[in-house]
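Please read the structure below before turning to the comments.
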Amino acid sequence: MPDFQDSYDVVVIGGGPAGAATGALTAEAGHSTLILERSTVPRFHVGESLVPETYWSLKRLGLVEKLQQSAFPKKYSVQFFSEGMKPSAPFYFDEYKDCESSQTWQVWRDEFDRMLLEKAAENGATVTPKAQVLEVLFDSDRAVGVRFQVTDKAGNRTEHQASCKVVVDASGQSAFLASRLGLKSADPHLKMGTIWSYWKDARRDEGRDEGATLIMQTADKKSWFWFIPLQDNTTSIGCTGAMSYMFPKGCSPEETFERELDRCPAMKERLENATRDRDYLTTKDYSYYATQGAGPGWVMVGDAFGFIDPVYSTGVFLALKSGEFAADAIDAAIKADDLSAERLGEWQATHREGVMLFRKLVYAFYDPDFSFGSFLKANPQYRKNVTDMLIGDVFKPGVGDIFDAMGEVVPS
Ligand SMILES: Cc1cc2nc3c(=O)[nH]c(=O)nc-3n(C[C@H](O)[C@H](O)[C@H](O)COP(=O)(O)OP(=O)(O)OC[C@H]3O[C@@H](n4cnc5c(N)ncnc54)[C@H](O)[C@@H]3O)c2cc1C
């Protein structure tokens with residue numbers, strides 16, 4: 001167990017991509033940083049498919065070479081299927097932006113997240129697994145530290161307290177601060193649930209398409225499947241739909257999954273000679289945002305700040321990006337001796353604008369009357385906008401112009 005200091009510049013709750021990126025960069029900037037992760041490291045996590053623009057965060061963190069040398073399958077494209085069987089042409093990322101970032105990876109998250117935490121430790125952060133934050137300590141409305149519990153190898157638990165200048169909430173879907181401060185707002189249009197597992201020997205495409213993410217809508221758009229090829233011939237396959245549809249009373253996850261497979265011949269065919277490797281896993285009601293993302297002495301990043309939907313694989317990208325934004329804001333705030341909400345959250349309006357574009361694209365995907373294929377046929381000038389969003393290139397002007405043309409498909 002590390003010797004904890006009484007005081008740090010930055011304490012990070014959670015060692016997922018958002019917490020690791022924030023902590024790696026605040027440590028690199030010379031701020032004493034403690035990352036507290038309640039699980040073991042590595043730990044299992046859903047969310048294996050990256051989008052190309054993740055590259056730039058990975059580059060800044062000095063991890064591109066490691067990923068290039070890893071066994072993670074390379075992802076060059078995403079392909080959509082409608083009505084359970086009709087494929088669109090694949091979106092090859094380099095057809096739109098032919099540069100070093102146009103290929104990305106499908107990653108086992110335990111390995112990927114561990115790489116990020118190792119980088120944070122290499123940069124000087126103290127990374128502590130099996131350390132659960134129990135409370136953020138406030139002096140009036142200013143966060144001034146945390147109380148946490150560490151479990152050692154023998155299972156003994158000890159409680160600790162550390163003061164700090166900034167608390168970073170990177171606790172993922174637990175949304176530690178948003179839940180406790182009453183800031184969590186569920187997305188009223190996205191009450192979704194997911195059933196997923198991992199298969200050996202699912203049929204993949206070949207060559208360049210071998211690592212492609214496939215997104216297949218079922219017969220009447222009631223649900224959709226992801227197909228994410230991982231190493232060792234394992235494929236992550238999940239099915240998402242409205243919560244009530246995915247988890248009806250008296251129906252097991254397996255029964256629902258099989259029911260939806262029957263409505264998606266293109267996916268069923270890929271599983272003909274495949275063997276499921278694990279039990280089915282489930283998750284639901286994961287789309288929300290925090291109505292306030294920063295306060296005096298605290299700031300939220302990654303899923304703790306908000307999560308939209310898995311369909312476009314944007315979660316890890318947004319986690320890393322928000323980690324970068326927050327680390328820069330924290331560095332500037334500490335140097336200016338101004339730990340106000342405005343200072344720590346100065347990046348969040350820009351971030352929310354980018355997230356809003358993804359959210360609108362998600363709404364369009366779920367709209368039963370909307371078809372991207374037909375829309376782009378009628379409005380080919382917007383193909384570039386869709387591609388920008390699919391690769392994650394949303395933090396620039398003009399990308400959202402497409403939504404003026406889409407009109408009421410997008411709920412306000
Ligand atoms: C069904 C589904 C499929 C998805 N598929 C994809 C995908 O293909 N691609 C993609 O990019 N994204 C995907 N995502 C989203 C992605 O998994 C998340 O956006 C991403 O993990 C967010 O990173 P994070 O660091 O914010 O949170 P996390 O990765 O969740 O990390 C948060 C960490 O905080 C720790 N923690 C929580 N509370 C405490 C506490 N009190 N004390 C200490 N530690 C704590 C947790 O143990 C956890 O390790 C998917 C999400 C879902 C629900």
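The chains in the structure tokens are called A, B, ... from first to last as shown; in each chain the residues are counted from 1, and the ligands are counted from 1 in the order shown.
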
For this session: From stretch 58-214 of chain A, collect each residue whose DSSP state is alpha helix (DSSP H) and return the set as a ChimeraX atom specification.
Result: /A:58-60,64-69,109-122,176-180

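The environment of A:Asp328 within 10 Å, counting only C-alpha atoms and disregarding residues fewer than 4 places along the same chain, consists of Thr22, Leu25, Thr26, Ala29, Ser322, Gly323, Glu324, Ala332, Ala333, Leu344 and Trp347 of chain A.
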
Export of the given selection (N, CA and C atoms) as a PDB file, in the first residue's frame:
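This went into result_0.pdb:
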ATOM      1  N   THR A  22      -6.700  12.457 -17.145  1.00  0.00           N
ATOM      2  CA  THR A  22      -6.594  13.694 -16.364  1.00  0.00           C
ATOM      3  C   THR A  22      -5.374  13.612 -15.443  1.00  0.00           C
ATOM      4  N   LEU A  25      -1.931  13.812 -17.094  1.00  0.00           N
ATOM      5  CA  LEU A  25      -1.547  15.137 -17.590  1.00  0.00           C
ATOM      6  C   LEU A  25      -1.341  16.149 -16.461  1.00  0.00           C
ATOM      7  N   THR A  26      -2.094  16.030 -15.363  1.00  0.00           N
ATOM      8  CA  THR A  26      -1.818  16.956 -14.248  1.00  0.00           C
ATOM      9  C   THR A  26      -0.468  16.587 -13.610  1.00  0.00           C
ATOM     10  N   ALA A  29       2.253  17.890 -15.704  1.00  0.00           N
ATOM     11  CA  ALA A  29       2.407  19.352 -15.541  1.00  0.00           C
ATOM     12  C   ALA A  29       3.032  19.705 -14.187  1.00  0.00           C
ATOM     13  N   SER A 322     -12.179  14.853 -22.547  1.00  0.00           N
ATOM     14  CA  SER A 322     -12.544  15.672 -21.385  1.00  0.00           C
ATOM     15  C   SER A 322     -11.417  15.654 -20.354  1.00  0.00           C
ATOM     16  N   GLY A 323     -10.696  14.522 -20.275  1.00  0.00           N
ATOM     17  CA  GLY A 323      -9.545  14.448 -19.380  1.00  0.00           C
ATOM     18  C   GLY A 323      -8.470  15.449 -19.785  1.00  0.00           C
ATOM     19  N   GLU A 324      -8.227  15.544 -21.095  1.00  0.00           N
ATOM     20  CA  GLU A 324      -7.240  16.523 -21.593  1.00  0.00           C
ATOM     21  C   GLU A 324      -7.678  17.944 -21.280  1.00  0.00           C
ATOM     22  N   ALA A 332      -3.942  25.500 -15.403  1.00  0.00           N
ATOM     23  CA  ALA A 332      -4.057  26.967 -15.470  1.00  0.00           C
ATOM     24  C   ALA A 332      -4.674  27.513 -14.184  1.00  0.00           C
ATOM     25  N   ALA A 333      -5.659  26.809 -13.652  1.00  0.00           N
ATOM     26  CA  ALA A 333      -6.351  27.289 -12.443  1.00  0.00           C
ATOM     27  C   ALA A 333      -5.403  27.295 -11.237  1.00  0.00           C
ATOM     28  N   LEU A 344     -12.281  26.064 -13.629  1.00  0.00           N
ATOM     29  CA  LEU A 344     -12.099  24.613 -13.777  1.00  0.00           C
ATOM     30  C   LEU A 344     -12.995  24.038 -14.872  1.00  0.00           C
ATOM     31  N   TRP A 347     -13.785  24.727 -20.158  1.00  0.00           N
ATOM     32  CA  TRP A 347     -13.822  23.936 -21.391  1.00  0.00           C
ATOM     33  C   TRP A 347     -15.175  23.278 -21.629  1.00  0.00           C
TER      34      TRP A 347
END

Problem set entry | Test item: residues lying within 7 Å of ligand 1 with only C-alpha atoms and all ligand atoms, as number ranges by chain | A: 13-19, 36-39, 45-51, 131-134, 170-174, 176, 194, 283, 286, 301-304, 307, 309-310, 313-317, 319

For this session: Mind checking which residues fall within 9 Å of A:Glu111, counting only C-alpha atoms, ignoring those fewer than 6 positions away in the same chain, and posting them as number ranges by chain?
Result: A: 42-44

For this session: Extract, using only C-alpha atoms, all DNA, RNA and protein residues at most 8 Å from stretch 224-237 of chain A, discarding same-chain residues fewer than 4 positions from it, and format them as a list of chain:residue names.
Result: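 With the cut-off at 8 Å, the set is A:Glu48, A:Ser49, A:Ala71, A:Phe72, A:Pro73, A:Gln106, A:Val107, A:Trp108, A:Trp196, A:Ser197, A:Tyr198, A:Trp199, A:Lys200, A:Asp201, A:Ala202, A:Arg204, A:Glu210, A:Gly211, A:Ala212, A:Thr213, A:Leu214, A:Ile215, A:Met216, A:Gln217, A:Thr218, A:Gly241, A:Met267, A:Val311.
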
Residues of the last selection are to be written out with N, CA and C atoms, as a PDB file, in the first residue's frame.
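Generated file (part_31.pdb):
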ATOM      1  N   GLU A  48     -15.360  -1.445 -26.144  1.00  0.00           N
ATOM      2  CA  GLU A  48     -14.082  -1.861 -26.724  1.00  0.00           C
ATOM      3  C   GLU A  48     -13.696  -1.150 -28.017  1.00  0.00           C
ATOM      4  N   SER A  49     -14.667  -0.473 -28.635  1.00  0.00           N
ATOM      5  CA  SER A  49     -14.387   0.073 -29.964  1.00  0.00           C
ATOM      6  C   SER A  49     -14.011   1.554 -29.853  1.00  0.00           C
ATOM      7  N   ALA A  71      -1.579  -6.240 -29.765  1.00  0.00           N
ATOM      8  CA  ALA A  71      -2.313  -7.216 -30.594  1.00  0.00           C
ATOM      9  C   ALA A  71      -3.752  -6.768 -30.841  1.00  0.00           C
ATOM     10  N   PHE A  72      -4.107  -5.553 -30.426  1.00  0.00           N
ATOM     11  CA  PHE A  72      -5.483  -5.086 -30.645  1.00  0.00           C
ATOM     12  C   PHE A  72      -5.770  -5.015 -32.147  1.00  0.00           C
ATOM     13  N   PRO A  73      -6.901  -5.579 -32.604  1.00  0.00           N
ATOM     14  CA  PRO A  73      -7.222  -5.494 -34.030  1.00  0.00           C
ATOM     15  C   PRO A  73      -7.336  -4.045 -34.503  1.00  0.00           C
ATOM     16  N   GLN A 106      -9.645  -1.832 -31.825  1.00  0.00           N
ATOM     17  CA  GLN A 106     -10.675  -2.483 -30.994  1.00  0.00           C
ATOM     18  C   GLN A 106      -9.918  -3.055 -29.801  1.00  0.00           C
ATOM     19  N   VAL A 107     -10.248  -2.611 -28.607  1.00  0.00           N
ATOM     20  CA  VAL A 107      -9.375  -2.916 -27.463  1.00  0.00           C
ATOM     21  C   VAL A 107     -10.097  -3.689 -26.360  1.00  0.00           C
ATOM     22  N   TRP A 108      -9.372  -4.614 -25.735  1.00  0.00           N
ATOM     23  CA  TRP A 108      -9.857  -5.126 -24.459  1.00  0.00           C
ATOM     24  C   TRP A 108      -9.645  -4.007 -23.465  1.00  0.00           C
ATOM     25  N   TRP A 196     -25.206  -8.107 -23.662  1.00  0.00           N
ATOM     26  CA  TRP A 196     -24.060  -8.424 -24.510  1.00  0.00           C
ATOM     27  C   TRP A 196     -23.264  -9.589 -23.952  1.00  0.00           C
ATOM     28  N   SER A 197     -22.397 -10.130 -24.816  1.00  0.00           N
ATOM     29  CA  SER A 197     -21.460 -11.163 -24.375  1.00  0.00           C
ATOM     30  C   SER A 197     -20.315 -11.245 -25.386  1.00  0.00           C
ATOM     31  N   TYR A 198     -19.525 -12.335 -25.291  1.00  0.00           N
ATOM     32  CA  TYR A 198     -18.326 -12.480 -26.125  1.00  0.00           C
ATOM     33  C   TYR A 198     -18.346 -13.857 -26.760  1.00  0.00           C
ATOM     34  N   TRP A 199     -18.071 -13.916 -28.059  1.00  0.00           N
ATOM     35  CA  TRP A 199     -18.118 -15.172 -28.805  1.00  0.00           C
ATOM     36  C   TRP A 199     -16.748 -15.481 -29.410  1.00  0.00           C
ATOM     37  N   LYS A 200     -16.424 -16.757 -29.442  1.00  0.00           N
ATOM     38  CA  LYS A 200     -15.255 -17.232 -30.185  1.00  0.00           C
ATOM     39  C   LYS A 200     -15.730 -17.628 -31.575  1.00  0.00           C
ATOM     40  N   ASP A 201     -14.910 -17.319 -32.573  1.00  0.00           N
ATOM     41  CA  ASP A 201     -15.120 -17.794 -33.951  1.00  0.00           C
ATOM     42  C   ASP A 201     -16.379 -17.248 -34.631  1.00  0.00           C
ATOM     43  N   ALA A 202     -16.826 -16.087 -34.259  1.00  0.00           N
ATOM     44  CA  ALA A 202     -17.897 -15.452 -35.048  1.00  0.00           C
ATOM     45  C   ALA A 202     -17.302 -15.086 -36.405  1.00  0.00           C
ATOM     46  N   ARG A 204     -15.993 -13.200 -39.385  1.00  0.00           N
ATOM     47  CA  ARG A 204     -15.567 -11.823 -39.665  1.00  0.00           C
ATOM     48  C   ARG A 204     -15.386 -11.641 -41.155  1.00  0.00           C
ATOM     49  N   GLU A 210     -11.542  -6.868 -41.560  1.00  0.00           N
ATOM     50  CA  GLU A 210     -11.562  -7.845 -40.469  1.00  0.00           C
ATOM     51  C   GLU A 210     -11.832  -7.191 -39.115  1.00  0.00           C
ATOM     52  N   GLY A 211     -11.315  -5.978 -38.934  1.00  0.00           N
ATOM     53  CA  GLY A 211     -11.477  -5.317 -37.632  1.00  0.00           C
ATOM     54  C   GLY A 211     -12.601  -4.298 -37.615  1.00  0.00           C
ATOM     55  N   ALA A 212     -13.478  -4.321 -38.609  1.00  0.00           N
ATOM     56  CA  ALA A 212     -14.527  -3.294 -38.705  1.00  0.00           C
ATOM     57  C   ALA A 212     -15.584  -3.470 -37.615  1.00  0.00           C
ATOM     58  N   THR A 213     -16.086  -2.362 -37.109  1.00  0.00           N
ATOM     59  CA  THR A 213     -17.287  -2.416 -36.266  1.00  0.00           C
ATOM     60  C   THR A 213     -18.490  -2.519 -37.195  1.00  0.00           C
ATOM     61  N   LEU A 214     -19.398  -3.436 -36.866  1.00  0.00           N
ATOM     62  CA  LEU A 214     -20.654  -3.542 -37.622  1.00  0.00           C
ATOM     63  C   LEU A 214     -21.792  -3.137 -36.699  1.00  0.00           C
ATOM     64  N   ILE A 215     -22.681  -2.308 -37.209  1.00  0.00           N
ATOM     65  CA  ILE A 215     -23.861  -1.889 -36.451  1.00  0.00           C
ATOM     66  C   ILE A 215     -25.077  -2.335 -37.261  1.00  0.00           C
ATOM     67  N   MET A 216     -25.860  -3.255 -36.688  1.00  0.00           N
ATOM     68  CA  MET A 216     -26.973  -3.835 -37.445  1.00  0.00           C
ATOM     69  C   MET A 216     -28.302  -3.547 -36.773  1.00  0.00           C
ATOM     70  N   GLN A 217     -29.147  -2.784 -37.455  1.00  0.00           N
ATOM     71  CA  GLN A 217     -30.490  -2.566 -36.915  1.00  0.00           C
ATOM     72  C   GLN A 217     -31.345  -3.790 -37.210  1.00  0.00           C
ATOM     73  N   THR A 218     -32.209  -4.152 -36.270  1.00  0.00           N
ATOM     74  CA  THR A 218     -33.057  -5.325 -36.481  1.00  0.00           C
ATOM     75  C   THR A 218     -34.268  -4.937 -37.342  1.00  0.00           C
ATOM     76  N   GLY A 241     -31.797  -1.776 -27.062  1.00  0.00           N
ATOM     77  CA  GLY A 241     -33.125  -1.291 -27.440  1.00  0.00           C
ATOM     78  C   GLY A 241     -33.762  -0.606 -26.246  1.00  0.00           C
ATOM     79  N   MET A 267     -26.725 -10.870 -38.525  1.00  0.00           N
ATOM     80  CA  MET A 267     -25.940 -11.181 -37.325  1.00  0.00           C
ATOM     81  C   MET A 267     -26.016 -12.683 -37.030  1.00  0.00           C
ATOM     82  N   VAL A 311     -24.040   3.634 -29.421  1.00  0.00           N
ATOM     83  CA  VAL A 311     -24.109   3.290 -30.846  1.00  0.00           C
ATOM     84  C   VAL A 311     -22.919   3.789 -31.679  1.00  0.00           C
TER      85      VAL A 311
END
